[in-house]
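**Student:** There's a structure below that I have some questions on.
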Amino acid sequence: MTGENYQSTREAVDAGRTAARARDRLLLYVRGMDVPPLLSLELALEGLRRASAGAEPLTITGAMRELHSLLREKGLHTSWVEKYGPPPSSMPPFNRSSMVAEGLELSLTRRLGHWLAKLLTRRARP
Amino acid sequence: MTPDDQMVQSCWQRVATRRRLILAALVILPTIFAAQVMFTLLPPTNGLILKSVLTALFALLFGWISIGFWSSLAGVMALLRRYDRFSLTASREGQLTSAARTAILFPIYNEDSRRVAEIIRTVWQSLREIGRDDLFDIFILSDSNKPDAWVAEEESWYTLCREERAFGRIFYRHRKFNLKRKSGNIADFCRRWGRNYRYMIVFDADSLMSGQTLTRMVAAMEDHPEIGILQTPPKAIGSRTLLARLQQFANHLYGPIFAAGLHYWQLGEAQYWGHNAIIRTEPFIRHCQLPRLPGRSPLGGEILSHDFVESALMRRAGYGVWLAYDLGGSYEQNPPSLIDELIRDRRWCQGNLQHSRLIFTRGFFPTHRALFINGIMSYTSALLWFLFLVASTVSAVSALIVTPEYFPDGPSLFPNWPQYFPAWALSLLSSTMVLLFLPKVMAILMVTLRGGAGAFGGAARLTLSVLLEVLVSTFLAPVRMLFHSYFVVTTLLGLKVSWNAQNRDESGTTWWEALRFHWWGALLGLVWGLLMYLVNPGFFMWLSPVVIGLAVSWPLSVWTSRVSWGDFLAARGLLMTPTDTAPAKEIQLYRENLERRPAPEPFNLTQEQGFARAVTIPRVFALHASLAANRRRHPPAQLEALRKLVAKALTSGPQSLSAREKIALLNDQASLRTLHHEIWDLDDERAAWWGLST
């Protein structure tokens, strides 16, 4: 094998490995989404097809970029939970009220004072 | 309240006053007599001051254990009569309408979210089974400040709702700032949604209640509009370590008697224990918000043991607080080890000592003032016991050193012989033993005579289990005494308590961990015991249970935390409880739910790596982004700081970020999205930090 052949073969192998990694990464991403299995496979396939369509060899960054743009097109980029699962309304609508602390008169001496005052005023009445 | 409700109140109030006067007499009169005997028994060489101190401490402790004894006796009587005109559980469950909407609250703080989710699943399934889920909504109220715990909670909530088809019925709310801790968490719920519900039932993170019990509680509240809080006595479940099994056994055997006794004295002025209770929401919102106590921590500031105060406030507002002592289907879990128990007690101790500020609060009912004192005594009694032992040691040493004065000043025909009364000493000792152990004997008799011994493994195993429980408790008592005394002293000296999540896992205490915790107590026990053995061997015999308990606290703490010891005894039918021999349906359901395994995932991330999951896994990222992330614009300096954090996360991985940094990222949607996109572009080596190994 000549040097040039070796070099080109090696590049082809490297490109193949990179493409395989990109494919795996993309598949992993769609598996991590909360969408039906068939749709996730369709998304992965379409993403890979678009990423491979260009002149440049398939890379992880390229594949992920294409997948994200595909998700944006389909309106799945942030809201697949809402779209394919029940809405995550984790809280009901507010029905506000206030909760104010009532005063606590803690001091015994002050309380005794109040009690004495009450007693005296009661006595003072005719 | 209607005139009818007021009439009901005045009826039980009259009975309660009579019963409490009887209790006071039963405690005070024998205590005075016992104190007199004690004073006479002390050697004259002690001197008046030491004798007075010893007698005062003895009287306080004797009175304290008398309360428990008489409560147990009242409980036995109440249970034997089989009829209680003040029982609240005979209510009409079938007639509940949708007006009685009830929120079930789960306030959580850095808990094991999977376990909490399975508890909620069990409660929900139990309600569905009886067809009353229409009446209830469940709220998970999170105060968690650990980023991983926060994300795990969101995931658990989502999975639970999806699997149980309970969206819109089971809610999740995370508080950014956990002001006023648990009481603030509940108050936050009340402010936001409290008006939607007539009642709320508060759970702890480890509480469990059956659907039947929940419905019966609501029915009882509907039948008795004069009740503000109805507390159930939770039974311990799910224990596997030796200590937890001992406590579970004691809780099942003695608990019902003690609860019936408490109900007998307290009636409508009972306590709220913070969980496993139903609360009338409207008066709670109006009257039970806790103020900040004037002054600084530990006795000032936010009220820590909020539950006691809330029950006093509810009562002050004119509503009754009752203990539904005969209502089953209410459970909780025990701390798995001695160290976990003591850490929890440290928190409770400060909370209870804070109540000393509230004893004289205007408008509180005398019973609640007494209950505040009771709560304070739960910990200060340990210090009193310790001081009593120290004073006894001084007395024993002085009896050897100080020579009796046979010929006092002035003329006398005969020498003044020191007098000892062994019969009196024995009577005093035996009466103290009766106070301590008779309730246990009565519990065995009651269970056996009512044919319930089988649920505890049979009469013989029941008796053996009680003996084992008494033995271990005897050795653990001085350890608890020492730590509680330490907690009281440090709290009074102004040392703060941090709010840690309660440990509920059963991994056991390591030898090193136990040594770090118990070395000083063990050393004290060894030195104290050795000195007494050399100086006064007779007194050493009296002191031996205390000093031996302290000396062996290190191994005892390790052994009692072991699951293997608990399982070993369970396999031999010891320390069995009805939850082991004939578990209720809801307990079985909970166990089955706990055995569920999460669906397999292609990511190398465990449930505990919540932050990495939220950043990496698209499903979790989307969920977190929709639930929690802040869409507000940040000032430039903060934006720059967030950008740096994103860069740091990408170059050094999630392990390089502190909890605070992770929280900052989780709170910002833009940063989170950038991080999420960038991570998926990383090379294999760095992507592996985030669980992406292809």
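Labeling convention for the structure tokens: chains A, B, ... as they appear, residues from 1 per chain, ligands from 1 in order of appearance.
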Enumerate, as a PyMOL selection string, the complete set of residues in segment 43-112 of chain B that a backbone-based DSSP assignment places in strand (DSSP E or B).

**Tutor:** chain B and resi 102-108

**Student:** Please save N, CA and C atoms of the selected residues as a PDB file, in the first residue's frame.

**Tutor:**
```
ATOM      1  N   THR B 102     -60.249  18.710  50.142  1.00  0.00           N
ATOM      2  CA  THR B 102     -59.120  18.600  51.069  1.00  0.00           C
ATOM      3  C   THR B 102     -57.815  18.509  50.293  1.00  0.00           C
ATOM      4  N   ALA B 103     -56.838  19.275  50.763  1.00  0.00           N
ATOM      5  CA  ALA B 103     -55.502  19.210  50.164  1.00  0.00           C
ATOM      6  C   ALA B 103     -54.617  18.352  51.050  1.00  0.00           C
ATOM      7  N   ILE B 104     -53.920  17.429  50.420  1.00  0.00           N
ATOM      8  CA  ILE B 104     -52.943  16.619  51.171  1.00  0.00           C
ATOM      9  C   ILE B 104     -51.574  17.225  50.892  1.00  0.00           C
ATOM     10  N   LEU B 105     -50.903  17.657  51.941  1.00  0.00           N
ATOM     11  CA  LEU B 105     -49.643  18.381  51.762  1.00  0.00           C
ATOM     12  C   LEU B 105     -48.449  17.522  52.137  1.00  0.00           C
ATOM     13  N   PHE B 106     -47.479  17.512  51.263  1.00  0.00           N
ATOM     14  CA  PHE B 106     -46.214  16.818  51.540  1.00  0.00           C
ATOM     15  C   PHE B 106     -45.080  17.846  51.539  1.00  0.00           C
ATOM     16  N   PRO B 107     -44.807  18.487  52.677  1.00  0.00           N
ATOM     17  CA  PRO B 107     -43.662  19.386  52.694  1.00  0.00           C
ATOM     18  C   PRO B 107     -42.375  18.559  52.712  1.00  0.00           C
ATOM     19  N   ILE B 108     -41.484  18.819  51.756  1.00  0.00           N
ATOM     20  CA  ILE B 108     -40.252  18.005  51.701  1.00  0.00           C
ATOM     21  C   ILE B 108     -39.030  18.912  51.646  1.00  0.00           C
TER      22      ILE B 108
END
```

**Student:** Please, which residues of chain B lie no more than 8 Å from chain A when the count uses only C-alpha atoms, and can they be set out as a short mmCIF file (atom, residue, chain, number, x, y, z; two decimals) with C-alpha atoms, in the first residue's frame?

**Tutor:**
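Saved the output as iface_18.cif:
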```cif
data_model
loop_
_atom_site.label_atom_id
_atom_site.label_comp_id
_atom_site.auth_asym_id
_atom_site.auth_seq_id
_atom_site.Cartn_x
_atom_site.Cartn_y
_atom_site.Cartn_z
CA TYR B 158 -43.77 13.94 36.41
CA ARG B 162 -48.00 10.23 34.09
CA PHE B 167 -51.99 15.59 36.19
CA GLY B 168 -54.06 18.39 37.66
CA ILE B 170 -51.04 15.92 42.14
CA PHE B 171 -49.12 19.18 42.16
CA TYR B 172 -45.51 20.13 42.70
CA ARG B 173 -44.20 23.48 43.93
CA ALA B 187 -48.08 29.06 55.11
CA CYS B 190 -52.19 28.57 52.48
CA ARG B 191 -51.59 31.96 50.91
CA ARG B 192 -51.62 30.64 47.36
CA TRP B 193 -54.24 27.92 47.36
CA GLY B 194 -55.60 27.61 50.90
CA ARG B 195 -58.91 29.20 49.94
CA ASN B 196 -59.61 26.36 47.51
CA ILE B 285 -55.03 30.98 57.80
CA ARG B 286 -56.71 33.55 60.03
CA HIS B 287 -55.18 32.67 63.38
CA CYS B 288 -52.17 30.38 63.08
CA GLN B 289 -49.52 32.37 61.27
CA LEU B 290 -46.45 32.30 63.47
CA PRO B 291 -44.82 35.56 64.44
CA ARG B 357 -40.87 32.29 75.83
CA LEU B 358 -44.49 31.42 75.07
CA ILE B 359 -45.67 29.97 78.37
CA PHE B 360 -47.17 33.25 79.56
CA THR B 361 -48.55 34.36 76.20
CA ARG B 362 -51.82 36.16 76.53
CA PRO B 602 -29.42 4.95 27.79
CA ILE B 617 -31.28 14.47 29.08
CA PRO B 618 -33.63 16.28 26.68
CA ARG B 619 -36.74 15.05 28.48
CA ALA B 622 -37.51 20.27 28.88
CA LEU B 623 -39.38 19.39 32.06
CA SER B 626 -40.94 24.42 31.70
CA LEU B 627 -41.35 24.11 35.47
CA TRP B 680 -24.33 17.43 23.04
CA ASP B 681 -21.55 18.78 20.79
CA LEU B 692 -23.06 10.64 27.26
CA THR B 694 -21.78 6.36 22.92
#
```

**Student:** With DSSP run on the backbone, what are the alpha helix (DSSP H) residues within segment 219-336 of chain B? I'd like them as a PyMOL selection string.

**Tutor:** chain B and resi 219-223+242-266+281-287+306-316

**Student:** Find the spatial neighbours of segment 244-260 of chain B, counting only C-alpha atoms, within a cut-off of 6 Å - ignore same-chain residues fewer than 6 positions away - and output them as a short mmCIF file (atom, residue, chain, number, x, y, z; two decimals) with all heavy atoms, in the first residue's frame.

**Tutor:**
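Once written, part_36.cif looks like this:
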```
data_model
loop_
_atom_site.label_atom_id
_atom_site.label_comp_id
_atom_site.auth_asym_id
_atom_site.auth_seq_id
_atom_site.Cartn_x
_atom_site.Cartn_y
_atom_site.Cartn_z
N SER B 72 -50.71 6.53 81.27
CA SER B 72 -50.83 5.15 80.77
C SER B 72 -51.99 4.44 81.47
O SER B 72 -52.76 3.71 80.84
CB SER B 72 -49.54 4.38 81.02
OG SER B 72 -48.51 5.01 80.37
N GLY B 75 -55.12 5.53 80.10
CA GLY B 75 -55.26 4.94 78.78
C GLY B 75 -55.78 3.52 78.86
O GLY B 75 -56.67 3.12 78.10
N VAL B 76 -55.23 2.75 79.80
CA VAL B 76 -55.69 1.36 79.97
C VAL B 76 -57.16 1.34 80.33
O VAL B 76 -57.95 0.58 79.76
CB VAL B 76 -54.85 0.65 81.07
CG1 VAL B 76 -55.45 -0.69 81.44
CG2 VAL B 76 -53.42 0.47 80.60
N ALA B 236 -45.42 3.36 63.89
CA ALA B 236 -44.14 3.22 63.18
C ALA B 236 -44.21 2.04 62.21
O ALA B 236 -44.76 0.99 62.54
CB ALA B 236 -43.02 3.02 64.18
N TYR B 325 -57.30 9.12 68.96
CA TYR B 325 -56.40 8.05 69.43
C TYR B 325 -56.79 6.68 68.90
O TYR B 325 -55.96 5.77 68.84
CB TYR B 325 -56.37 8.03 70.97
CG TYR B 325 -57.68 7.57 71.59
CD1 TYR B 325 -57.81 6.26 72.05
CD2 TYR B 325 -58.76 8.41 71.69
CE1 TYR B 325 -59.01 5.83 72.59
CE2 TYR B 325 -59.96 7.99 72.23
CZ TYR B 325 -60.08 6.70 72.68
OH TYR B 325 -61.25 6.27 73.21
N ASN B 334 -39.33 5.57 61.68
CA ASN B 334 -38.43 5.99 62.76
C ASN B 334 -37.04 6.28 62.22
O ASN B 334 -36.64 5.70 61.21
CB ASN B 334 -38.30 4.87 63.78
CG ASN B 334 -39.53 4.73 64.63
OD1 ASN B 334 -40.19 5.71 64.93
ND2 ASN B 334 -39.86 3.51 65.00
N PRO B 336 -33.28 5.62 61.67
CA PRO B 336 -32.68 4.28 61.65
C PRO B 336 -31.57 4.07 62.67
O PRO B 336 -31.24 2.92 62.98
CB PRO B 336 -32.13 4.16 60.23
CG PRO B 336 -31.92 5.56 59.77
CD PRO B 336 -32.91 6.41 60.48
N ALA B 443 -49.42 -3.16 79.41
CA ALA B 443 -49.54 -3.27 77.94
C ALA B 443 -49.51 -4.74 77.52
O ALA B 443 -50.33 -5.16 76.69
CB ALA B 443 -48.41 -2.50 77.27
N LEU B 575 -39.48 -8.80 68.54
CA LEU B 575 -39.78 -7.40 68.20
C LEU B 575 -40.75 -7.31 67.02
O LEU B 575 -40.66 -6.42 66.18
CB LEU B 575 -38.49 -6.62 67.88
CG LEU B 575 -37.42 -6.57 68.97
CD1 LEU B 575 -36.20 -5.80 68.49
CD2 LEU B 575 -37.97 -5.91 70.23
N THR B 577 -44.39 -6.78 65.20
CA THR B 577 -45.55 -5.90 65.40
C THR B 577 -46.64 -6.32 64.42
O THR B 577 -46.35 -7.05 63.45
CB THR B 577 -45.18 -4.43 65.12
OG1 THR B 577 -44.70 -4.34 63.78
CG2 THR B 577 -44.13 -3.91 66.08
#
```

**Student:** So that I can check the surroundings of Leu467 of chain B, please list as an MDAnalysis selection string every protein, DNA and RNA residue that reaches within 12 Å of it, counting only C-alpha atoms and ignoring chain neighbours fewer than 3 positions away.

**Tutor:** chainID B and resid 246 249:250 437 440:441 444 460:464 470:474 574:575

**Student:** Those selected residues, please, written with all heavy atoms and delivered as a CSV table (one decimal), in the first residue's frame.

**Tutor:**
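Contents of result.csv, as written:
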```
chain,number,residue,atom,x,y,z
B,246,LEU,N,-36.8,-1.7,67.6
B,246,LEU,CA,-37.1,-1.6,69.1
B,246,LEU,C,-38.2,-0.5,69.3
B,246,LEU,O,-39.2,-0.7,70.0
B,246,LEU,CB,-35.9,-1.2,69.9
B,246,LEU,CG,-34.9,-2.4,70.2
B,246,LEU,CD1,-33.6,-1.8,70.6
B,246,LEU,CD2,-35.5,-3.2,71.3
B,249,PHE,N,-41.6,-1.5,67.9
B,249,PHE,CA,-42.2,-2.5,68.8
B,249,PHE,C,-42.9,-1.7,69.9
B,249,PHE,O,-44.0,-1.9,70.3
B,249,PHE,CB,-41.2,-3.5,69.3
B,249,PHE,CG,-41.7,-4.4,70.3
B,249,PHE,CD1,-42.6,-5.4,70.0
B,249,PHE,CD2,-41.4,-4.2,71.7
B,249,PHE,CE1,-43.0,-6.3,71.0
B,249,PHE,CE2,-41.8,-5.0,72.7
B,249,PHE,CZ,-42.7,-6.1,72.3
B,250,ALA,N,-42.1,-0.8,70.6
B,250,ALA,CA,-42.6,0.0,71.7
B,250,ALA,C,-43.8,0.8,71.3
B,250,ALA,O,-44.8,0.9,72.0
B,250,ALA,CB,-41.5,0.9,72.3
B,437,PHE,N,-42.2,0.7,85.1
B,437,PHE,CA,-42.4,-0.6,84.4
B,437,PHE,C,-43.8,-1.1,84.4
B,437,PHE,O,-44.2,-1.9,83.6
B,437,PHE,CB,-41.4,-1.6,85.0
B,437,PHE,CG,-40.0,-1.3,84.7
B,437,PHE,CD1,-39.1,-1.0,85.8
B,437,PHE,CD2,-39.5,-1.3,83.4
B,437,PHE,CE1,-37.8,-0.6,85.5
B,437,PHE,CE2,-38.2,-0.9,83.2
B,437,PHE,CZ,-37.3,-0.6,84.2
B,440,LYS,N,-45.6,-1.0,81.1
B,440,LYS,CA,-45.2,-2.0,80.2
B,440,LYS,C,-45.9,-3.3,80.5
B,440,LYS,O,-46.4,-4.1,79.6
B,440,LYS,CB,-43.7,-2.2,80.2
B,440,LYS,CG,-42.9,-1.0,79.8
B,440,LYS,CD,-41.4,-1.2,79.9
B,440,LYS,CE,-40.7,0.1,79.7
B,440,LYS,NZ,-40.5,0.6,78.3
B,441,VAL,N,-46.0,-3.7,81.8
B,441,VAL,CA,-46.7,-4.9,82.2
B,441,VAL,C,-48.2,-4.8,81.8
B,441,VAL,O,-48.7,-5.8,81.2
B,441,VAL,CB,-46.5,-5.1,83.7
B,441,VAL,CG1,-47.3,-6.4,84.2
B,441,VAL,CG2,-45.1,-5.2,84.1
B,444,ILE,N,-48.6,-5.5,78.1
B,444,ILE,CA,-48.5,-6.9,77.8
B,444,ILE,C,-49.9,-7.6,78.1
B,444,ILE,O,-50.4,-8.4,77.3
B,444,ILE,CB,-47.4,-7.7,78.5
B,444,ILE,CG1,-46.0,-7.0,78.2
B,444,ILE,CG2,-47.4,-9.2,78.2
B,444,ILE,CD1,-44.9,-7.6,79.0
B,460,ALA,N,-45.2,-15.6,74.5
B,460,ALA,CA,-43.8,-15.8,75.0
B,460,ALA,C,-42.9,-14.9,74.3
B,460,ALA,O,-42.0,-14.2,74.9
B,460,ALA,CB,-43.4,-17.3,74.7
B,461,ARG,N,-43.0,-14.8,73.0
B,461,ARG,CA,-42.1,-13.9,72.2
B,461,ARG,C,-42.4,-12.4,72.6
B,461,ARG,O,-41.4,-11.6,72.6
B,461,ARG,CB,-42.2,-14.1,70.7
B,461,ARG,CG,-41.6,-15.4,70.3
B,461,ARG,CD,-41.4,-15.4,68.8
B,461,ARG,NE,-40.7,-16.6,68.4
B,461,ARG,CZ,-41.3,-17.7,67.9
B,461,ARG,NH1,-42.6,-17.7,67.8
B,461,ARG,NH2,-40.7,-18.7,67.5
B,462,LEU,N,-43.6,-12.1,72.8
B,462,LEU,CA,-44.0,-10.7,73.2
B,462,LEU,C,-43.3,-10.4,74.5
B,462,LEU,O,-42.6,-9.3,74.6
B,462,LEU,CB,-45.5,-10.6,73.4
B,462,LEU,CG,-46.1,-9.4,74.0
B,462,LEU,CD1,-45.8,-8.2,73.1
B,462,LEU,CD2,-47.6,-9.5,74.3
B,463,THR,N,-43.3,-11.3,75.5
B,463,THR,CA,-42.7,-11.0,76.8
B,463,THR,C,-41.1,-10.9,76.6
B,463,THR,O,-40.5,-10.0,77.1
B,463,THR,CB,-43.0,-12.1,77.8
B,463,THR,OG1,-44.4,-12.4,77.7
B,463,THR,CG2,-42.6,-11.8,79.2
B,464,LEU,N,-40.6,-11.8,75.8
B,464,LEU,CA,-39.1,-11.7,75.5
B,464,LEU,C,-38.8,-10.4,74.9
B,464,LEU,O,-37.7,-9.8,75.2
B,464,LEU,CB,-38.7,-12.9,74.6
B,464,LEU,CG,-38.2,-14.2,75.3
B,464,LEU,CD1,-37.9,-15.2,74.3
B,464,LEU,CD2,-36.9,-13.8,76.1
B,470,VAL,N,-36.6,-3.4,77.2
B,470,VAL,CA,-36.2,-2.8,78.5
B,470,VAL,C,-34.7,-2.8,78.6
B,470,VAL,O,-34.1,-1.8,79.0
B,470,VAL,CB,-36.9,-3.6,79.6
B,470,VAL,CG1,-36.3,-3.1,81.0
B,470,VAL,CG2,-38.4,-3.3,79.6
B,471,LEU,N,-34.1,-3.9,78.3
B,471,LEU,CA,-32.6,-4.0,78.4
B,471,LEU,C,-31.9,-3.0,77.6
B,471,LEU,O,-31.1,-2.2,78.1
B,471,LEU,CB,-32.2,-5.4,78.1
B,471,LEU,CG,-30.7,-5.7,78.2
B,471,LEU,CD1,-30.4,-5.9,79.7
B,471,LEU,CD2,-30.3,-6.9,77.4
B,472,VAL,N,-32.2,-2.9,76.3
B,472,VAL,CA,-31.5,-2.0,75.4
B,472,VAL,C,-31.9,-0.6,75.8
B,472,VAL,O,-31.0,0.3,75.8
B,472,VAL,CB,-31.9,-2.3,73.9
B,472,VAL,CG1,-31.2,-1.3,73.0
B,472,VAL,CG2,-31.5,-3.7,73.6
B,473,SER,N,-33.2,-0.3,76.1
B,473,SER,CA,-33.5,1.1,76.5
B,473,SER,C,-32.8,1.5,77.8
B,473,SER,O,-32.4,2.7,77.9
B,473,SER,CB,-35.0,1.1,76.8
B,473,SER,OG,-35.7,0.7,75.7
B,474,THR,N,-32.6,0.6,78.7
B,474,THR,CA,-31.9,0.9,79.9
B,474,THR,C,-30.5,1.4,79.6
B,474,THR,O,-30.0,2.3,80.2
B,474,THR,CB,-31.8,-0.3,80.9
B,474,THR,OG1,-33.1,-0.8,81.0
B,474,THR,CG2,-31.2,0.0,82.2
B,574,LEU,N,-38.9,-12.1,67.1
B,574,LEU,CA,-38.8,-11.1,68.2
B,574,LEU,C,-39.0,-9.7,67.7
B,574,LEU,O,-38.7,-9.4,66.5
B,574,LEU,CB,-37.4,-11.2,68.9
B,574,LEU,CG,-37.2,-12.5,69.7
B,574,LEU,CD1,-35.8,-12.6,70.2
B,574,LEU,CD2,-38.2,-12.6,70.9
B,575,LEU,N,-39.5,-8.8,68.5
B,575,LEU,CA,-39.8,-7.4,68.2
B,575,LEU,C,-40.7,-7.3,67.0
B,575,LEU,O,-40.7,-6.4,66.2
B,575,LEU,CB,-38.5,-6.6,67.9
B,575,LEU,CG,-37.4,-6.6,69.0
B,575,LEU,CD1,-36.2,-5.8,68.5
B,575,LEU,CD2,-38.0,-5.9,70.2
```

**Student:** For the atom pair atom CA of Glu163 of chain B and atom CA of Glu592 of chain B, what is the interatomic distance in Å to one decimal place?

**Tutor:**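 Answer for the atom CA of Glu163 of chain B to atom CA of Glu592 of chain B separation: 15.1 Å.
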
**Student:** So which residues touch segment 396-413 of chain B within 12 Å, counting only C-alpha atoms, skipping near sequence neighbours fewer than 5 positions away, as an MDAnalysis selection string?

**Tutor:** chainID B and resid 42:47 50:51 54 389:391 418:419 531:543

**Student:** Given the choices A:Ser52, A:Glu4, A:Ala44, A:Val13, which gets closest to Leu71 of chain A if the distance is worked out from only C-alpha atoms?

**Tutor:**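 With only C-alpha atoms as the atom set, the closest residue is A:Ala44.
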
**Student:** Identify which of the residues B:Arg115, B:Arg591, B:His676, B:Arg315 lies closest to Trp690 of chain B, counting only C-alpha atoms when measuring atom-to-atom distances.

**Tutor:**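 Smallest distance to Trp690 of chain B is found for B:His676.
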
**Student:** I want to know what sits within 12 Å of Thr2 of chain B, based on only C-alpha atoms, with residues of the same chain fewer than 2 positions away left out; could you give that as an MDAnalysis selection string?

**Tutor:** chainID B and resid 4:9 224:226 318:319

**Student:** Rank B:Pro366, B:Gly691, B:Pro598, B:Gly228 by their smallest atom-to-atom distance to Phe284 of chain B, using only C-alpha atoms, and report the top residue only.

**Tutor:**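 Looking only at the distances to Phe284 of chain B, the closest residue turns out to be B:Gly228.
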